[in-house]
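**Q** What follows is coords.tsv, TSV, C-alpha atoms and all ligand atoms.
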```tsv
chain	number	residue	atom	x	y	z
A	1	MET	CA	130.47	55.25	35.44
A	2	THR	CA	127.48	56.44	33.43
A	3	LEU	CA	126.49	60.07	33.22
A	4	SER	CA	123.41	59.54	35.39
A	5	GLU	CA	125.55	57.83	38.08
A	6	GLN	CA	127.98	60.74	37.97
A	7	ALA	CA	125.12	63.21	38.45
A	8	ARG	CA	123.78	61.28	41.46
A	9	ASN	CA	127.21	61.29	43.15
A	10	THR	CA	127.71	65.00	42.66
A	11	THR	CA	127.65	66.99	45.96
A	12	PRO	CA	124.62	69.35	46.09
A	13	LEU	CA	125.49	73.06	45.89
A	14	ARG	CA	122.89	74.09	48.53
A	15	LYS	CA	122.79	72.42	51.95
A	16	GLU	CA	119.41	71.02	52.88
A	17	VAL	CA	117.84	70.79	56.30
A	18	PRO	CA	115.32	68.03	57.00
A	19	ILE	CA	111.79	69.07	57.86
A	20	ASP	CA	110.36	65.58	58.12
A	21	LYS	CA	112.88	62.92	57.16
A	22	SER	CA	110.35	60.09	57.38
A	23	ARG	CA	108.23	61.71	54.65
A	24	GLY	CA	111.24	62.80	52.63
A	25	LEU	CA	110.62	66.51	53.11
A	26	TRP	CA	113.69	68.76	52.87
A	27	ILE	CA	114.27	72.47	52.87
A	28	THR	CA	117.38	74.45	52.00
A	29	ARG	CA	119.26	76.22	54.81
A	30	ARG	CA	118.61	79.56	53.14
A	31	ASP	CA	114.85	78.89	52.99
A	32	PHE	CA	114.89	77.76	56.60
A	33	LEU	CA	116.62	80.96	57.74
A	34	SER	CA	114.28	83.06	55.62
A	35	LEU	CA	111.26	81.28	57.13
A	36	THR	CA	112.45	81.88	60.72
A	37	GLY	CA	113.15	85.51	59.84
A	38	TRP	CA	109.60	85.99	58.60
A	39	LEU	CA	108.18	84.26	61.67
A	40	ALA	CA	110.15	86.70	63.88
A	41	VAL	CA	108.84	89.65	61.84
A	42	PHE	CA	105.22	88.45	62.16
A	43	ALA	CA	105.67	87.85	65.91
A	44	PHE	CA	107.02	91.38	66.32
A	45	LEU	CA	104.21	92.92	64.25
A	46	GLY	CA	101.60	90.90	66.17
A	47	THR	CA	102.95	92.14	69.52
A	48	ALA	CA	103.08	95.74	68.27
A	49	LEU	CA	99.48	95.45	67.00
A	50	LEU	CA	98.26	94.12	70.35
A	51	GLY	CA	100.05	96.99	72.11
A	52	THR	CA	98.34	99.51	69.82
A	53	ILE	CA	94.89	97.96	70.41
A	54	ARG	CA	95.43	98.05	74.20
A	55	PHE	CA	96.45	101.70	73.91
A	56	PHE	CA	93.07	102.57	72.38
A	57	PHE	CA	91.12	100.45	74.86
A	58	PRO	CA	92.82	101.14	78.22
A	59	ARG	CA	91.68	99.25	81.29
A	60	VAL	CA	89.51	101.78	83.06
A	61	LEU	CA	88.11	101.22	86.50
A	62	PHE	CA	84.62	102.66	86.75
A	63	GLU	CA	84.07	103.63	90.35
A	64	ALA	CA	80.76	104.51	91.92
A	65	SER	CA	80.05	108.21	92.28
A	66	PRO	CA	81.30	109.67	95.59
A	67	VAL	CA	78.08	111.69	95.87
A	68	PHE	CA	74.95	110.06	97.26
A	69	LYS	CA	71.56	111.10	98.62
A	70	ALA	CA	70.91	110.23	102.24
A	71	GLY	CA	67.20	110.88	102.63
A	72	PHE	CA	65.39	113.79	104.31
A	73	PRO	CA	66.51	115.35	107.62
A	74	ASP	CA	63.34	114.31	109.42
A	75	GLU	CA	64.19	110.66	108.77
A	76	TYR	CA	66.91	110.98	111.44
A	77	ALA	CA	66.21	111.08	115.14
A	78	LEU	CA	67.89	113.67	117.32
A	79	GLY	CA	71.16	112.27	118.73
A	80	GLU	CA	71.15	109.40	116.24
A	81	VAL	CA	74.33	107.92	114.77
A	82	SER	CA	73.00	106.39	111.61
A	83	SER	CA	74.78	103.34	110.21
A	84	LYS	CA	72.40	103.24	107.24
A	85	TYR	CA	75.25	103.99	104.82
A	86	LEU	CA	78.01	102.23	106.71
A	87	LYS	CA	78.18	99.10	104.57
A	88	SER	CA	77.61	100.67	101.18
A	89	LYS	CA	79.45	103.99	101.63
A	90	GLN	CA	81.53	103.68	104.82
A	91	VAL	CA	79.90	106.77	106.26
A	92	TRP	CA	78.01	107.51	109.48
A	93	ILE	CA	75.52	110.33	109.57
A	94	VAL	CA	75.16	112.00	112.94
A	95	ARG	CA	72.22	114.20	113.89
A	96	GLU	CA	72.74	116.74	116.63
A	97	GLU	CA	70.44	119.44	117.88
A	98	GLU	CA	71.90	122.09	115.55
A	99	GLY	CA	72.35	119.89	112.50
A	100	PHE	CA	74.19	117.07	110.79
A	101	TYR	CA	77.68	115.91	110.11
A	102	ALA	CA	78.98	112.90	108.20
A	103	LEU	CA	81.91	110.87	109.50
A	104	SER	CA	84.18	108.62	107.50
A	105	ALA	CA	84.07	105.08	108.90
A	106	VAL	CA	87.75	104.53	108.20
A	107	CYS	CA	90.01	104.28	111.21
A	108	THR	CA	92.85	106.76	111.01
A	109	HIS	CA	95.30	104.17	112.34
A	110	LEU	CA	95.38	101.50	109.62
A	111	GLY	CA	92.03	101.83	107.91
A	112	CYS	CA	89.79	99.27	109.64
A	113	THR	CA	86.10	100.01	110.10
A	114	PRO	CA	85.28	101.06	113.68
A	115	ARG	CA	81.94	100.21	115.29
A	116	TRP	CA	79.51	102.57	116.93
A	117	LEU	CA	78.94	101.43	120.54
A	118	GLU	CA	75.76	103.20	121.56
A	119	THR	CA	75.89	102.20	125.23
A	120	GLU	CA	79.42	103.57	125.56
A	121	ASN	CA	78.71	106.53	123.31
A	122	LYS	CA	81.86	106.02	121.26
A	123	PHE	CA	83.28	104.53	118.07
A	124	LYS	CA	85.61	101.62	118.75
A	125	CYS	CA	87.99	100.09	116.24
A	126	PRO	CA	88.12	96.28	116.49
A	127	CYS	CA	91.62	96.02	115.01
A	128	HIS	CA	93.88	97.69	117.58
A	129	GLY	CA	91.43	99.26	119.98
A	130	SER	CA	91.35	102.91	118.95
A	131	GLY	CA	88.43	104.83	120.38
A	132	PHE	CA	86.73	107.97	119.03
A	133	HIS	CA	84.21	110.25	120.68
A	134	LEU	CA	80.85	110.93	119.02
A	135	SER	CA	82.43	114.00	117.44
A	136	GLY	CA	85.08	111.82	115.79
A	137	ILE	CA	87.93	112.96	118.06
A	138	ASN	CA	90.32	110.14	118.96
A	139	PHE	CA	90.96	109.53	122.66
A	140	GLU	CA	92.40	106.03	123.06
A	141	GLY	CA	94.48	103.48	121.18
A	142	PRO	CA	97.02	104.04	118.40
A	143	ALA	CA	94.89	106.18	116.03
A	144	PRO	CA	97.00	109.32	115.50
A	145	ARG	CA	94.16	111.67	114.57
A	146	PRO	CA	90.37	112.07	114.57
A	147	LEU	CA	88.03	110.46	112.07
A	148	GLU	CA	87.54	112.54	108.94
A	149	ARG	CA	84.37	114.46	108.30
A	150	ILE	CA	82.74	114.37	104.89
A	151	LYS	CA	80.83	117.05	103.06
A	152	ILE	CA	77.12	117.05	103.77
A	153	MET	CA	74.57	119.46	102.28
A	154	LEU	CA	70.95	119.82	101.20
A	155	ASN	CA	69.86	119.66	97.58
A	156	GLU	CA	67.07	121.74	96.03
A	157	ASN	CA	64.48	119.16	97.19
A	158	GLY	CA	65.60	119.41	100.79
A	159	GLU	CA	67.32	116.01	100.75
A	160	LEU	CA	70.64	115.33	102.45
A	161	VAL	CA	73.49	114.84	100.00
A	162	VAL	CA	76.88	113.49	101.00
A	163	ASP	CA	79.97	114.05	98.88
A	164	LYS	CA	82.77	111.66	99.84
A	165	SER	CA	85.25	113.41	97.58
A	166	VAL	CA	85.35	116.39	99.96
A	167	LYS	CA	86.86	115.73	103.39
A	168	PHE	CA	87.46	117.95	106.39
A	169	LEU	CA	90.33	117.24	108.75
A	170	PHE	CA	90.23	118.35	112.37
A	171	GLU	CA	94.01	118.72	112.56
A	172	ARG	CA	93.87	121.17	109.68
A	173	ASP	CA	91.21	123.16	111.46
A	174	GLU	CA	88.66	122.35	108.75
A	175	TRP	CA	85.71	121.29	110.89
A	176	GLY	CA	84.38	124.82	110.85
A	177	LYS	CA	84.33	125.07	107.06
A	178	PRO	CA	81.06	125.12	105.11
A	179	GLY	CA	80.01	121.57	104.29
A	180	SER	CA	81.67	120.02	107.34
A	181	PHE	CA	78.49	120.66	109.33
A	182	LEU	CA	74.95	121.18	108.07
A	183	LYS	CA	72.77	123.44	110.13
A	184	VAL	CA	69.06	122.68	109.91
B	1	LIG	FE1	91.93	101.00	113.92
B	1	LIG	FE2	94.38	100.07	114.16
B	1	LIG	S1	93.16	100.18	112.39
B	1	LIG	S2	93.12	100.89	115.66
```
Go through the file and emit its structure as structure tokens.
Ligand code: FES

**A**
Amino acid sequence: MTLSEQARNTTPLRKEVPIDKSRGLWITRRDFLSLTGWLAVFAFLGTALLGTIRFFFPRVLFEASPVFKAGFPDEYALGEVSSKYLKSKQVWIVREEEGFYALSAVCTHLGCTPRWLETENKFKCPCHGSGFHLSGINFEGPAPRPLERIKIMLNENGELVVDKSVKFLFERDEWGKPGSFLKV
């Protein structure tokens, strides 16, 4: 056996793993392990980087302001239950002889939107039949408490301003507090 034949028959010291046998590409086991190790490191760093970027740009929900203008007092007729802001703000504005109050149009049972039934002079919830007097007091159906009143005031121009972030609850004896009723 010649020297070159001997060299060809010698067992290789490093084991090789095929990358693409058909094209004759081989890689050593050590290189293969090293490559997978680096891939794991890059995957980890990539995930950490994405986490850091998300930390600096949190998902923020920009909600509409709870405060809105509701026109001038003389735009409301005496005894009117105005549904002008029902769709956009879920608020009724009620004008009585002495002044105004704003009612939340959220049923205190499970949160449906009641309807104002002018002929019956009451708010009626279509979901489970709760009924509320013009004042907001519950009198029929499963609603456990009256509708909530919402802060109503006048701004420096004499316009009505409603602030949905401030609520007055009858059961907490808050309907007498300033803002729960606007005298005009
Ligand atoms: Fe109004 Fe049930 S949600 S009665």

**Q** Would you name the residues within 12 Å of ligand LIG 1 (chain B), counting only C-alpha atoms and all ligand atoms, and put them as number ranges by chain?

**A** A: 105-115, 123-132, 138-147

**Q** Restricting the calculation to only C-alpha atoms: of A:Leu35, A:Ala77, A:Leu103, A:Ala70, which residue gets closest to Val162 (chain A)?

**A** A:Ala70

**Q** Looking at all atoms listed in the file, which of A:Val184, A:Gly136, A:Met153, A:Gly37 is the one that sits closest to Asp74 (chain A)?

**A**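 Closest residue, counting all atoms listed in the file: A:Val184.
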
**Q** Kindly give the distance, in Å, that separates CA of Leu169 (chain A) and CA of Ile137 (chain A), rounded to a single decimal.

**A**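 Between CA of Leu169 (chain A) and CA of Ile137 (chain A) the gap is 10.5 Å.
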
**Q** Give me the residues near Gly158 (chain A) as a PDB file with C-alpha atoms, keeping the file's coordinate frame, where near means some atom within 10 Å (using all atoms listed in the file) and where sequence neighbours in that chain fewer than 3 positions away do not count.

**A**
```pdb
ATOM      1  CA  GLY A  71      67.200 110.880 102.630  1.00  0.00           C
ATOM      2  CA  PHE A  72      65.390 113.790 104.310  1.00  0.00           C
ATOM      3  CA  PRO A  73      66.510 115.350 107.620  1.00  0.00           C
ATOM      4  CA  MET A 153      74.570 119.460 102.280  1.00  0.00           C
ATOM      5  CA  LEU A 154      70.950 119.820 101.200  1.00  0.00           C
ATOM      6  CA  ASN A 155      69.860 119.660  97.580  1.00  0.00           C
ATOM      7  CA  VAL A 161      73.490 114.840 100.000  1.00  0.00           C
TER       8      VAL A 161
END
```

**Q** Considering only C-alpha atoms, return as a list in words whatever protein or nucleic-acid residues lie within 9 Å of Glu96 (chain A), sequence-local ones (same chain, fewer than 4 positions apart) excluded.

**A**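 Here the answer would be Ala77, Leu78, Gly79, Glu80, Phe100 and Tyr101 of chain A.
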
**Q** Counting all atoms listed in the file, which residues come within 8 Å of (67.7, 105.9, 108.5), with the point read in the file's coordinates, and could you list them as an mmCIF file with C-alpha atoms, in the frame of the given file?

**A**
```cif
data_model
loop_
_atom_site.group_PDB
_atom_site.id
_atom_site.type_symbol
_atom_site.label_atom_id
_atom_site.label_comp_id
_atom_site.auth_asym_id
_atom_site.auth_seq_id
_atom_site.Cartn_x
_atom_site.Cartn_y
_atom_site.Cartn_z
ATOM 1 C CA GLY A 71 67.200 110.880 102.630
ATOM 2 C CA GLU A 75 64.190 110.660 108.770
ATOM 3 C CA TYR A 76 66.910 110.980 111.440
ATOM 4 C CA SER A 82 73.000 106.390 111.610
ATOM 5 C CA SER A 83 74.780 103.340 110.210
ATOM 6 C CA LYS A 84 72.400 103.240 107.240
#
```

**Q** Provide the CA of Glu120 (chain A) to CA of Phe181 (chain A) distance in Å, to one decimal place.

**A**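 Calculated distance between CA of Glu120 (chain A) and CA of Phe181 (chain A) is 23.6 Å.
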
**Q** Which is closest to Glu156 (chain A) among A:Gln90, A:Lys69, A:Leu117, A:Phe168, if we use only C-alpha atoms?

**A** A:Lys69
